[in-house]
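J.: Here it is, the structure, as structure tokens.
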Amino acid sequence: MDAVTVERAGINQKPSGRVADEAGPLDAPIEAGKTVGTITVEDPIFSCRDVDVYYGEKHAIKKVGIDIGKNSVLAMIGPSGCGKSTFLRCLNRMNDTIPSARVVGSILLDGKDIHDKKQDVVQLRARVGMVFQKPNPFPKSIYENVAYGPRIHGLAGDRVELDEIVHNSLQRAGLWEEVKDRLQHPGTSLSGGQQQRLCIARTIAVNPEVILMDEPCSALDPIATARIEDLMEELRQSYAIVIVTHSMQQAARVSQRTAYFHLGDLIEVGETDRIFTNPRHRLTEDYITGRFG
Amino acid sequence: MALSLEGHTTRAFDGDLSSLHIQAVAMGALVIEQVQLAVSAYSNWDRSAATLVLERERKINLYDAQIEEAALQLIARRQPMAQDLRAVFAIDKVVTELERAADEAKKLALAVLAESDASGFRPGAATAREARALGRVAATMIRAALEAFDRLEAGAAASVVQQDKEMDAEYADALRRLLTHAMEDPRRLQATVEAAFIMRSLERIGDHARNIARHVGFIGGLDPTATGVLPSSLSIKN
């Protein structure tokens with residue numbers, strides 16, 4: 001081999017494309033529990049480690065470990081069936097309602113295991129509220145939708161206190177001005193976007209610490225979506241929010257951290273700013289650029 | 001990993017992105033010719049070549065406007081993410097660098113045409129030789145940067161950055177010689193200043209080539225803070 005060839009060969013060996021960094025190479029093989037990026041945060045509200053979920057024989061979530069930070073929005077993205085909603089439902093033990101579901105691993109809320117025998121599930125779901133894909137107000141008045149939770153949890157001493165909780169909750173959900181003159185109208189008489197904000201008001205009425213949102217805007221028009229997104233930015237000042245969304249643009253807009261799930265594995269976690277401009281894992285890149293499958 | 005602008009589930013996205021890239025490469029090829037022709041026009045004091053440079057400049061500006069419009073449409077329609085977002089962002093910047101490199105070439109042509117009407121500053125043999133040498137390095141750099149851009153090889157950027165150092169050294173040599181010349185004969189001062197501006201333009205073309213190489217590195221996900229030409233918000237260290 002002459003000198004020129006040697007030099008050429010040397011140049012060709014230089015990395016072309018992405019540089020591998022401390023988090024591992026871009027094409028890292030999928031290995032359960034080996035997530036690219038930093039899964040920990042300072043002072044987490046939730047700390048999940050080695051979480052497995054089985055639906056009968058199906059292994060739906062594989063050794064997922066992630067912290068959820070206070071006063072921030074974590075977006076969970078991934079193709080349908082990747083396990084993001086399943087993982088979300090682990091956080092307030094909604095999977096308990098599915099007979100074949102089995103959850104293994106450690107999920108600590110403020111340092112305490114949510115699967116502890118002493119843990120009251122109703123209490124847990126008040127601390128970790130949930131907003132669903134389709135707005136699902138109770139078939140009651142606007143007032144009663146919000147008052148129901150505080151009432152069963154005994155949060156209000158009298159009617160005046162209850163009125164105040166309802167007022168504050170609707171205010172924080174950005175709905176008060178629109179409904180203050182018709183609190184006794186049925187919740188279902190509101191528009192889709194208003195109903196979703198009513199559900200958010202209902203969730204925050206019981207003083208939760210975490211709000212889980214499962215595609216909260218997928219049934220809403222762009223304007224109603226924008227209002228919910230604005231609301232999330234306000235709510236994160238007081239709560240931790242975890243959102244599952246199919247809209248990458250929404251995840252990029254509303255969240256500070258993003259987690260990418262793929263076939264039950266948590267592939268990558270990172271700062272949202274970086275995930276959508278320069279993800280580390282090839283699978284994340286393929287998914288967010290629309291090259292999946 | 002070899003970078004690719006293709007492979008989207010939506011095939012039309014592949015088409016849009018590739019078309020943007022191909023147009024920018026085609027514009028680059030025109031800019032290389034432009035630089036070579038401008039250097040030849042200056043060093044041979046060739047008025048018709050200089051006129052051709054000015055005519056071609058319009059075509060380059062048209063490319064610039066068209067690619068910018070296509071990039072805007074692509075962002076609006078496809079909302080590119082990650083590698084695609086970096087590619088669109090970088091292609092737009094590459095096109096700006098190419099357009100500016102062409103502007104520098106135009107300055108050489110303008111010098112020739114302005115001289116034709118006045119008594120002038122036609123370069124002496126030594127200055128013409130130096131312009132040719134710097135022009136050769138500038139064109140080589142643009143070509144190398146453009147090849148890296150065409151193949152999306154981030155690693156290839158390193159050689160262009162190295163060439164830029166050589167260019168800087170040659171430029172410093174040329175300036176030193178011109179300065180010596182002016183000191184020997186102060187009556188030649190104005191001609192020397194004009195020649196220095198020409199050398200400066202050629203050196204700037206090298207700078208644009210170096211920037212193009214850095215933008216290519218950025219598409220590949222290299223740390224842009226190391227290149228100093230891109231916002232740190234897009235840094236992988238973020």
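Please note that chains go A, B, ... in the order of the structure tokens, that every chain numbers its residues from 1, and that ligands are numbered from 1 in the order shown.
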Name the residues of segment 49-152 of chain A that come out as alpha helix (DSSP H) in a backbone DSSP run; write them as a PyMOL selection string.
T.: chain A and resi 84-90+121-127+142-152
J.: His8 of chain B: which residues within 8 Å, counting only C-alpha atoms, same-chain residues fewer than 2 positions away excluded, as a PyMOL selection string?
T.: (chain A and resi 289-292) or (chain B and resi 6+10-11+13-14)
J.: Those same residues - C-alpha atoms - I'd like them written as a PDB file, in the first residue's frame.
T.:
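This is the output file again.pdb:
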```pdb
ATOM      1  CA  THR A 289     -38.528  12.432  11.415  1.00  0.00           C
ATOM      2  CA  GLY A 290     -41.307  10.182  10.124  1.00  0.00           C
ATOM      3  CA  ARG A 291     -39.059   7.323   8.991  1.00  0.00           C
ATOM      4  CA  PHE A 292     -40.512   4.755  11.326  1.00  0.00           C
TER       5      PHE A 292
ATOM      6  CA  GLU B   6     -34.717   9.857   2.324  1.00  0.00           C
ATOM      7  CA  THR B  10     -44.297  10.030   3.301  1.00  0.00           C
ATOM      8  CA  ARG B  11     -42.437   9.689   0.014  1.00  0.00           C
ATOM      9  CA  PHE B  13     -41.211  14.433   2.006  1.00  0.00           C
ATOM     10  CA  ASP B  14     -38.203  12.602   0.532  1.00  0.00           C
TER      11      ASP B  14
END
```
J.: So how many Å separate atom CA of Arg197 of chain A and atom CA of Gln250 of chain A, to one decimal?
T.: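 Atom-to-atom, atom CA of Arg197 of chain A to atom CA of Gln250 of chain A, that is 17.1 Å.
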J.: Excluding segment 25-35 of chain B and residues on its chain fewer than 5 positions from it, collect all residues at most 9 Å away from it, counting only C-alpha atoms, and give them as an mmCIF file with C-alpha atoms, in the first residue's frame.
T.:
```
data_model
loop_
_atom_site.group_PDB
_atom_site.id
_atom_site.type_symbol
_atom_site.label_atom_id
_atom_site.label_comp_id
_atom_site.auth_asym_id
_atom_site.auth_seq_id
_atom_site.Cartn_x
_atom_site.Cartn_y
_atom_site.Cartn_z
ATOM 1 C CA LEU B 20 -33.951 21.313 -1.916
ATOM 2 C CA SER B 40 -9.489 34.535 -14.760
ATOM 3 C CA LEU B 52 -20.259 37.116 -18.099
ATOM 4 C CA VAL B 53 -19.620 36.990 -14.331
ATOM 5 C CA ARG B 56 -24.330 34.843 -14.080
ATOM 6 C CA GLU B 57 -24.623 36.632 -10.766
ATOM 7 C CA LYS B 59 -28.839 33.485 -11.993
ATOM 8 C CA ILE B 60 -27.167 32.783 -8.661
ATOM 9 C CA TYR B 63 -31.278 30.241 -7.134
ATOM 10 C CA ASP B 64 -30.900 31.818 -3.706
ATOM 11 C CA VAL B 94 -25.153 26.935 2.857
ATOM 12 C CA VAL B 95 -27.094 28.768 0.157
ATOM 13 C CA LEU B 98 -22.705 30.422 -1.620
ATOM 14 C CA GLU B 99 -24.484 33.618 -2.481
ATOM 15 C CA ALA B 101 -19.047 33.803 -2.086
ATOM 16 C CA ALA B 102 -20.522 34.743 -5.475
ATOM 17 C CA GLU B 104 -17.031 38.328 -3.588
ATOM 18 C CA ALA B 105 -16.376 36.932 -7.070
ATOM 19 C CA LYS B 106 -18.493 39.724 -8.499
ATOM 20 C CA GLY B 135 -8.355 31.874 -6.454
ATOM 21 C CA ARG B 136 -7.254 28.294 -7.006
ATOM 22 C CA ALA B 138 -10.651 29.314 -2.869
ATOM 23 C CA ALA B 139 -12.224 27.273 -5.691
ATOM 24 C CA THR B 140 -10.713 24.051 -4.336
ATOM 25 C CA ILE B 142 -15.592 25.552 -2.250
ATOM 26 C CA ARG B 143 -15.453 22.350 -4.300
ATOM 27 C CA LEU B 146 -19.640 21.254 -1.758
ATOM 28 C CA GLU B 147 -18.645 17.620 -2.270
ATOM 29 C CA PHE B 149 -22.373 18.798 1.288
ATOM 30 C CA ASP B 150 -23.452 16.749 -1.735
ATOM 31 C CA LEU B 202 -10.611 35.662 -2.445
ATOM 32 C CA ILE B 205 -14.499 33.015 -0.464
#
```
J.: A:Ser141, A:Asp116, A:Val128, A:Glu31: which is nearest Leu88 of chain A, counting only C-alpha atoms?
T.: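 Closest to Leu88 of chain A, using only C-alpha atoms: A:Val128.
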J.: Pick out the closest residue to Ala252 of chain A from this set: A:Ala75, A:Cys82, A:Ala201, A:Val103. Count only C-alpha atoms.
T.: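 Ranked by minimum distance to Ala252 of chain A, first place goes to A:Ala75.
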J.: Select, from A:Ile142, A:Ser169, A:Asn207, A:Arg202, the residue with the minimum atom-to-atom distance to Asp181 of chain A, counting only C-alpha atoms.
T.: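 Among A:Ile142, A:Ser169, A:Asn207, A:Arg202, it is A:Ile142 that comes nearest to Asp181 of chain A.
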J.: Which of segment 66-201 of chain A counts as strand (DSSP E or B) under DSSP, as number ranges by chain please?
T.: A: 66-69, 73-77, 101-109, 112-113, 128-131, 141, 186
J.: Once you have the residues from the selection above, write them out as a compact mmCIF listing (two decimals), in the first residue's frame, restricted to C-alpha atoms.
T.:
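Done, and the output landed in result.txt:
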```txt
# COMPACT_ATOMS: atom_id res chain seq x y z
CA ILE A 66 -37.31 7.15 34.78
CA ASP A 67 -37.69 10.02 37.23
CA ILE A 68 -40.44 12.60 36.90
CA GLY A 69 -39.50 16.08 38.03
CA VAL A 73 -43.84 18.62 31.84
CA LEU A 74 -42.62 15.22 30.70
CA ALA A 75 -43.87 14.20 27.25
CA MET A 76 -44.04 10.53 26.38
CA ILE A 77 -44.00 9.79 22.67
CA ALA A 101 -52.38 -6.78 34.06
CA ARG A 102 -49.39 -7.35 36.34
CA VAL A 103 -46.99 -4.56 37.30
CA VAL A 104 -43.52 -5.39 38.65
CA GLY A 105 -40.79 -3.02 39.80
CA SER A 106 -40.48 0.02 41.95
CA ILE A 107 -42.61 3.15 41.53
CA LEU A 108 -41.94 5.65 44.31
CA LEU A 109 -44.15 8.70 44.77
CA LYS A 112 -43.02 5.92 49.00
CA ASP A 113 -43.90 2.80 47.03
CA VAL A 128 -52.03 11.68 40.85
CA GLY A 129 -54.93 12.91 38.76
CA MET A 130 -55.68 11.94 35.21
CA VAL A 131 -57.12 13.65 32.15
CA SER A 141 -73.85 20.16 36.46
CA PRO A 186 -74.91 20.22 32.62
```
J.: Between B:Val39, B:Ala154, B:Ala191, B:Ala125, which has the minimum distance to chain A (counting only C-alpha atoms)?
T.: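 Selected residue with least distance to chain A: B:Ala154.
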J.: Find the residues around segment 262-272 of chain A up to 7 Å (only C-alpha atoms counted), leave out those fewer than 3 positions away in its own chain, and share them as a PyMOL selection string.
T.: chain A and resi 32+35-39+60-62+64+78-79+81-83+252+255-259+275-276+281
J.: Mind writing the picked residues with C-alpha atoms as a tab-separated table (two decimals), in the first residue's frame?
T.:
```
chain	number	residue	atom	x	y	z
A	32	ALA	CA	-34.32	-3.66	28.24
A	35	THR	CA	-32.12	3.86	28.10
A	36	VAL	CA	-30.07	6.47	26.24
A	37	GLY	CA	-29.93	9.79	28.08
A	38	THR	CA	-30.33	10.80	31.70
A	39	ILE	CA	-33.31	9.18	33.43
A	60	ALA	CA	-45.96	-4.60	27.50
A	61	ILE	CA	-43.34	-2.58	29.43
A	62	LYS	CA	-39.77	-3.78	29.82
A	64	VAL	CA	-38.45	1.01	32.38
A	78	GLY	CA	-43.83	6.69	20.52
A	79	PRO	CA	-45.78	4.71	17.96
A	81	GLY	CA	-48.66	0.08	21.08
A	82	CYS	CA	-45.23	1.19	22.33
A	83	GLY	CA	-46.38	1.19	25.95
A	252	ALA	CA	-41.90	19.93	21.52
A	255	SER	CA	-42.63	19.72	27.56
A	256	GLN	CA	-39.23	20.21	29.13
A	257	ARG	CA	-38.27	16.54	28.93
A	258	THR	CA	-39.25	13.94	26.39
A	259	ALA	CA	-39.24	10.15	26.64
A	275	ILE	CA	-34.59	15.41	21.44
A	276	PHE	CA	-36.31	17.24	18.59
A	281	HIS	CA	-30.75	7.07	19.32
```
J.: Please indicate the distance in Å from atom CA of Val216 of chain B to atom CA of Leu74 of chain B, rounded to one decimal place.
T.: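 One can read the atom CA of Val216 of chain B to atom CA of Leu74 of chain B distance as 19.1 Å.
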J.: Please measure the separation of atom CA of Leu85 of chain B and atom CA of Asn278 of chain A, giving the value in Å to one decimal.
T.: 9.1 Å
J.: Applying 12 Å and only C-alpha atoms, which residues near segment 177-189 of chain B remain after dropping the ones on its own chain fewer than 3 positions away? List them as number ranges by chain.
T.: B: 120-124, 126-128, 130-131, 170-174, 192-199
J.: Would you mind exporting C-alpha atoms of the selected residues as a short mmCIF file (atom, residue, chain, number, x, y, z; two decimals), in the first residue's frame?
T.:
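Now in again_8.cif:
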```cif
data_model
loop_
_atom_site.label_atom_id
_atom_site.label_comp_id
_atom_site.auth_asym_id
_atom_site.auth_seq_id
_atom_site.Cartn_x
_atom_site.Cartn_y
_atom_site.Cartn_z
CA GLY B 120 -6.16 51.78 -14.28
CA PHE B 121 -5.02 49.35 -11.82
CA ARG B 122 -4.52 46.34 -13.97
CA PRO B 123 -2.58 43.91 -11.80
CA GLY B 124 1.07 43.38 -12.50
CA ALA B 126 3.15 39.11 -9.66
CA THR B 127 -0.25 40.29 -8.36
CA ALA B 128 -2.05 38.40 -11.13
CA GLU B 130 -1.04 35.70 -6.56
CA ALA B 131 -4.70 36.24 -7.41
CA GLU B 170 -1.20 32.64 1.59
CA TYR B 171 -3.35 35.71 2.04
CA ALA B 172 -0.98 37.08 4.68
CA ASP B 173 1.96 36.49 2.31
CA ALA B 174 0.19 38.30 -0.51
CA THR B 192 -2.00 48.32 -4.16
CA VAL B 193 -5.09 49.03 -2.07
CA GLU B 194 -7.31 47.75 -4.86
CA ALA B 195 -5.21 44.63 -5.24
CA ALA B 196 -5.41 44.09 -1.47
CA PHE B 197 -9.20 44.26 -1.67
CA ILE B 198 -9.15 41.63 -4.41
CA MET B 199 -7.00 39.33 -2.26
#
```
J.: With only C-alpha atoms as the atoms that count, which of B:Ile212, B:Ala12, B:Leu113, B:Ala169 lies nearest to chain A?
T.: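 Residue with the minimum atom-to-atom distance to chain A: B:Ala12.
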J.: Do you know which residues are at most 9 Å from Cys90 of chain A counting only C-alpha atoms, after dropping those on the same chain fewer than 4 positions away, and could you put them as a list in words?
T.: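 Result of the neighbour search: Val51, Val53, Ser85, Thr86, Met94, Asn95, Asp96, Val103 and Ile107 of chain A.
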J.: Could you turn the residues from that selection into a file that holds N, CA and C atoms, as a CSV table (one decimal), in the first residue's frame?
T.:
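Here's the written file selection17.csv:
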```
chain,number,residue,atom,x,y,z
A,51,VAL,N,-39.4,-1.1,35.9
A,51,VAL,CA,-40.9,-1.4,35.9
A,51,VAL,C,-41.2,-2.3,34.7
A,53,VAL,N,-44.5,-4.4,32.9
A,53,VAL,CA,-45.9,-4.6,32.9
A,53,VAL,C,-46.2,-5.8,32.0
A,85,SER,N,-48.9,4.7,27.0
A,85,SER,CA,-50.1,4.9,27.8
A,85,SER,C,-50.1,3.9,29.0
A,86,THR,N,-49.6,2.7,28.7
A,86,THR,CA,-49.6,1.7,29.8
A,86,THR,C,-48.7,2.2,30.9
A,94,MET,N,-53.8,2.7,37.5
A,94,MET,CA,-55.0,2.5,36.7
A,94,MET,C,-55.0,1.1,36.1
A,95,ASN,N,-53.8,0.5,36.0
A,95,ASN,CA,-53.7,-0.9,35.5
A,95,ASN,C,-54.3,-1.9,36.4
A,96,ASP,N,-54.5,-1.5,37.7
A,96,ASP,CA,-55.2,-2.4,38.6
A,96,ASP,C,-56.5,-2.8,38.2
A,103,VAL,N,-48.0,-5.6,37.3
A,103,VAL,CA,-47.0,-4.6,37.3
A,103,VAL,C,-45.9,-5.0,38.3
A,107,ILE,N,-42.1,1.8,41.9
A,107,ILE,CA,-42.6,3.2,41.5
A,107,ILE,C,-42.8,3.9,42.8
```
J.: Could you list, as an MDAnalysis selection string, every residue within 8 Å of Leu5 of chain B, counting only C-alpha atoms and ignoring same-chain residues fewer than 4 positions away?
T.: chainID B and resid 14 17:18 84
J.: Restrict the selected residues to N, CA and C atoms and save them as a JSON list (two decimals), in the first residue's frame.
T.:
```
[["chain", "number", "residue", "atom", "x", "y", "z"],
["B", 14, "ASP", "N", -39.50, 12.93, 1.13],
["B", 14, "ASP", "CA", -38.20, 12.60, 0.53],
["B", 14, "ASP", "C", -37.94, 13.50, -0.67],
["B", 17, "LEU", "N", -37.31, 17.27, 0.23],
["B", 17, "LEU", "CA", -36.02, 17.49, 0.88],
["B", 17, "LEU", "C", -34.87, 17.29, -0.11],
["B", 18, "SER", "N", -34.96, 16.23, -0.91],
["B", 18, "SER", "CA", -33.91, 15.95, -1.89],
["B", 18, "SER", "C", -33.85, 17.06, -2.92],
["B", 84, "ASP", "N", -33.71, 16.11, 9.82],
["B", 84, "ASP", "CA", -34.35, 16.84, 8.72],
["B", 84, "ASP", "C", -34.38, 18.34, 9.00]]
```
J.: Between B:Met141, B:Ile67, B:Ala76, B:Ile219, which one has atoms that come closest to chain A, using only C-alpha atoms?
T.: B:Ile219
